[in-house]
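Worksheet: one structure, shown below.
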Number of protein chains: 2
Amino acid sequence: MEPHEPDLTAVPVTAVLAALADDVRLQIVRALAEGGEAACGSFDFGVSKATRSHHLKVLREAGLTRTRAAGTSRLVRLRRDEVDKRYPGLLDAVLTPRPPA
Amino acid sequence: MEPHEPDLTAVPVTAVLAALADDVRLQIVRALAEGGEAACGSFDFGVSKATRSHHLKVLREAGLTRTRAAGTSRLVRLRRDEVDKRYPGLLDAVLTPRPPA
DNA sequence: GGTGTTGTTCGATAGTTGTCGAACAAGGGT
DNA sequence: ACCCTTGTTCGACAACTATCGAACAACACC
């Protein structure tokens with residue numbers, strides 16, 4: 001099935017924000033921003049693979065990531081340029097872990 | 001009771017994003033960004049006053065707004081400087097309504 | 001073909017959230 | 001004192017969401 005990767009302009013901003021407003025997903029996005037393309041299985045943040053698949057789906061359908069098949073794996077990457085173009089500063093503001101002070 | 005307006009540094013990013021990830025709240029924030037200080041009642045976006053009060057509470061507890069009493073009203077304002085300082089670009093990226101194209 | 005790896009999908013469930021009406025509280029006016 | 005305006009708080013309810021295990025699909029490799 002087609003992975004359903006909408007254009008960012010077709011996604012309401014609230015959906016983009018909601019996609020980023022989850023701790024697990026934010027960790028995934030941060031890992032992608034640092035490490036580039038990565039397999040789904042490389043994100044072990046203490047959740048089951050079913051949950052991980054769910055989170056990746058949310059990110060994908062929010063227009064934040066792109067997925068392509070590679071053997072038995074699927075490689076995910078952040079659509080950084082597109083996000084930066086439509087929401088300048090958003091990823092920068094959100095990606096870096098902030099000290100509590 | 002004290003209105004509980006936490007410092008932004010004490011609020012997790014996900015809570016800030018979640019606060020912005022709602023259509024009604026986003027409209028409130030946009031109105032505040034444009035019009036400055038405003039009474040709670042001035043935000044009529046098709047929800048009851050109970051719901052409106054709830055949304056304002058979410059924004060306040062996310063560290064995004066400040067509230068002060070003024071007669072029978074309460075005046076709300078956006079903590080723009082503080083938000084911009086901690087999350088540069090976030091409000092700019094999110095505040096302006098984007099055309100679907 | 002069989003086995004193992006990698007993900008997705010399907011219920012199910014528990015928790016969270018948006019919404020409302022009604023009740024309550026605090027002020028201002030008359 | 002009385003009423004009206006303005007907000008908050010309190011259940012209640014529906015909708016959504018994060019989570020899991022189990023079942024399934026696709027591919028690689030032997």
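Letters for chains follow the order of the structure tokens (A, B, ...), residue numbers begin at 1 for each chain, and ligand numbers begin at 1 in the order shown.
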Next item on the list: Enumerate as a list in words all residues of stretch 60-92 of chain A assigned to helix (DSSP H, G or I) by DSSP on the backbone, naming them with the chain letters and numbers the document uses.
Entry: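 Those residues are Arg60, Glu61, Arg80, Asp81, Glu82, Val83, Asp84, Lys85, Arg86, Leu90, Leu91 and Asp92 of chain A.
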Residues just named, written with C-alpha atoms as a PDB file, in the first residue's frame:
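Result saved to part.pdb:
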ATOM      1  CA  ARG A  60       4.402  10.252   8.309  1.00  0.00           C
ATOM      2  CA  GLU A  61       0.793  11.358   8.010  1.00  0.00           C
ATOM      3  CA  ARG A  80      13.609  18.716   6.937  1.00  0.00           C
ATOM      4  CA  ASP A  81      13.773  21.060   3.956  1.00  0.00           C
ATOM      5  CA  GLU A  82      10.043  21.022   3.421  1.00  0.00           C
ATOM      6  CA  VAL A  83       9.259  21.538   7.081  1.00  0.00           C
ATOM      7  CA  ASP A  84      11.787  24.349   7.367  1.00  0.00           C
ATOM      8  CA  LYS A  85      10.331  26.003   4.330  1.00  0.00           C
ATOM      9  CA  ARG A  86       6.751  25.988   5.548  1.00  0.00           C
ATOM     10  CA  LEU A  90       9.846  25.253  14.147  1.00  0.00           C
ATOM     11  CA  LEU A  91      12.224  22.314  14.040  1.00  0.00           C
ATOM     12  CA  ASP A  92      15.119  24.376  15.306  1.00  0.00           C
TER      13      ASP A  92
END
Could you build a table of the residues in chain A lying no more than 12 Å from chain D, giving for each the nearest pair of atoms and their separation in Å rounded to one decimal place, using only C-alpha atoms (C1' of nucleotides), ordered by chain and ascending residue number, as a tab-separated table?
residue	atom	partner	partner_atom	distance
A:Met1	CA	D:DA25	C1'	11.6
A:Ala18	CA	D:DT17	C1'	11.1
A:Ala19	CA	D:DT17	C1'	11.6
A:Asp22	CA	D:DA18	C1'	9.7
A:Asp23	CA	D:DA18	C1'	11.1
A:Val24	CA	D:DA18	C1'	10.2
A:Arg25	CA	D:DA18	C1'	11.5
A:Gly46	CA	D:DT19	C1'	11.1
A:Val47	CA	D:DT19	C1'	8.1
A:Ser48	CA	D:DC20	C1'	7.3
A:Lys49	CA	D:DC20	C1'	9.6
A:Ala50	CA	D:DC20	C1'	7.8
A:Thr51	CA	D:DT19	C1'	6.5
A:Arg52	CA	D:DT19	C1'	10.0
A:Ser53	CA	D:DT19	C1'	11.7
A:His54	CA	D:DA18	C1'	9.0
A:His55	CA	D:DA18	C1'	9.2
A:Val58	CA	D:DT17	C1'	11.1
A:Ala69	CA	D:DC27	C1'	10.3
A:Ala70	CA	D:DC27	C1'	9.3
A:Gly71	CA	D:DC27	C1'	5.9
A:Thr72	CA	D:DC27	C1'	4.9
A:Ser73	CA	D:DC27	C1'	8.7
A:Arg74	CA	D:DA26	C1'	11.3
Could you fit chain A onto chain B with a least-squares superposition over all C-alpha atoms, matched one to one in order, and give me the transformed chain as a compact mmCIF listing (two decimals) with C-alpha atoms, in the first residue's frame?
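Just written: part-v5.txt:
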# COMPACT_ATOMS: atom_id res chain seq x y z
CA MET A 1 -6.34 31.27 44.06
CA GLU A 2 -3.06 31.80 42.40
CA PRO A 3 -3.41 31.34 38.68
CA HIS A 4 -0.46 28.95 38.45
CA GLU A 5 1.64 30.47 35.73
CA PRO A 6 4.78 28.37 35.57
CA ASP A 7 8.07 29.50 34.19
CA LEU A 8 8.50 28.30 30.63
CA THR A 9 11.67 26.47 31.58
CA ALA A 10 9.64 24.30 33.94
CA VAL A 11 7.23 23.16 31.22
CA PRO A 12 8.19 20.25 28.99
CA VAL A 13 8.32 21.14 25.34
CA THR A 14 5.69 18.52 24.57
CA ALA A 15 3.26 20.36 26.84
CA VAL A 16 3.92 23.62 24.99
CA LEU A 17 3.36 21.93 21.66
CA ALA A 18 0.25 20.16 22.90
CA ALA A 19 -1.13 23.48 24.10
CA LEU A 20 -0.69 24.91 20.61
CA ALA A 21 -2.00 21.78 18.89
CA ASP A 22 -5.64 22.71 19.19
CA ASP A 23 -7.62 24.82 16.82
CA VAL A 24 -9.45 26.88 19.40
CA ARG A 25 -6.32 27.56 21.41
CA LEU A 26 -4.37 28.47 18.31
CA GLN A 27 -7.04 31.03 17.43
CA ILE A 28 -6.81 32.44 20.93
CA VAL A 29 -3.03 32.73 20.68
CA ARG A 30 -3.28 34.37 17.29
CA ALA A 31 -5.81 36.87 18.58
CA LEU A 32 -3.52 37.65 21.51
CA ALA A 33 -0.53 38.07 19.25
CA GLU A 34 -2.43 40.57 17.16
CA GLY A 35 -4.50 42.39 19.69
CA GLY A 36 -2.37 42.34 22.81
CA GLU A 37 -4.13 42.01 26.12
CA ALA A 38 -7.73 40.88 25.94
CA ALA A 39 -10.53 39.77 28.22
CA CYS A 40 -11.42 36.10 28.33
CA GLY A 41 -14.86 36.81 26.99
CA SER A 42 -13.52 38.39 23.85
CA PHE A 43 -12.65 35.01 22.40
CA ASP A 44 -15.83 33.66 20.96
CA PHE A 45 -14.84 30.83 18.70
CA GLY A 46 -18.04 28.87 18.90
CA VAL A 47 -17.41 27.20 22.23
CA SER A 48 -19.12 27.68 25.55
CA LYS A 49 -17.54 29.79 28.23
CA ALA A 50 -16.73 26.67 30.23
CA THR A 51 -14.74 25.30 27.32
CA ARG A 52 -13.08 28.64 26.74
CA SER A 53 -12.05 28.80 30.36
CA HIS A 54 -10.58 25.32 30.01
CA HIS A 55 -8.52 26.29 26.97
CA LEU A 56 -7.22 29.41 28.66
CA LYS A 57 -6.18 27.29 31.59
CA VAL A 58 -4.25 24.96 29.32
CA LEU A 59 -2.46 27.89 27.71
CA ARG A 60 -1.70 29.44 31.07
CA GLU A 61 -0.34 26.23 32.55
CA ALA A 62 1.80 25.69 29.48
CA GLY A 63 3.50 28.98 30.32
CA LEU A 64 2.20 30.69 27.20
CA THR A 65 -0.09 33.30 28.73
CA ARG A 66 -0.44 35.42 31.79
CA THR A 67 -3.71 36.44 33.41
CA ARG A 68 -4.55 39.31 35.69
CA ALA A 69 -7.80 40.33 37.26
CA ALA A 70 -9.44 43.59 36.25
CA GLY A 71 -12.81 44.14 37.79
CA THR A 72 -15.10 41.27 36.95
CA SER A 73 -13.01 40.49 33.91
CA ARG A 74 -9.67 38.79 33.56
CA LEU A 75 -7.17 40.10 31.10
CA VAL A 76 -5.01 37.62 29.27
CA ARG A 77 -1.83 38.35 27.42
CA LEU A 78 0.72 36.32 25.50
CA ARG A 79 4.12 35.86 27.13
CA ARG A 80 5.72 36.53 23.80
CA ASP A 81 9.19 37.61 24.89
CA GLU A 82 9.68 34.61 27.12
CA VAL A 83 8.41 32.16 24.53
CA ASP A 84 10.56 33.72 21.82
CA LYS A 85 13.57 33.53 24.05
CA ARG A 86 13.21 29.86 24.89
CA TYR A 87 11.77 28.72 21.56
CA PRO A 88 13.00 31.14 18.92
CA GLY A 89 10.91 30.95 15.80
CA LEU A 90 8.21 28.77 17.28
CA LEU A 91 5.53 31.43 17.53
CA ASP A 92 6.52 33.00 14.25
CA ALA A 93 6.28 29.65 12.55
CA VAL A 94 2.93 28.82 14.03
CA LEU A 95 1.11 32.09 14.45
CA THR A 96 0.58 33.09 10.87
CA PRO A 97 -2.28 31.28 9.19
CA ARG A 98 -0.82 29.42 6.22
CA PRO A 99 -2.49 29.19 2.84
CA PRO A 100 -3.25 25.58 1.89
CA ALA A 101 -0.90 26.02 -1.04
Item checked: All strand (DSSP E) residues (DSSP, backbone) inside stretch 11-100 of chain B, as a VMD selection string -> chain B and resid 38 to 39 65 to 70 73 to 78
Checklist line | chain C residues near chain B (9 Å cut-off, only C-alpha atoms (C1' of nucleotides)) as a PyMOL selection string | finding: chain C and resi 18-20+26-28
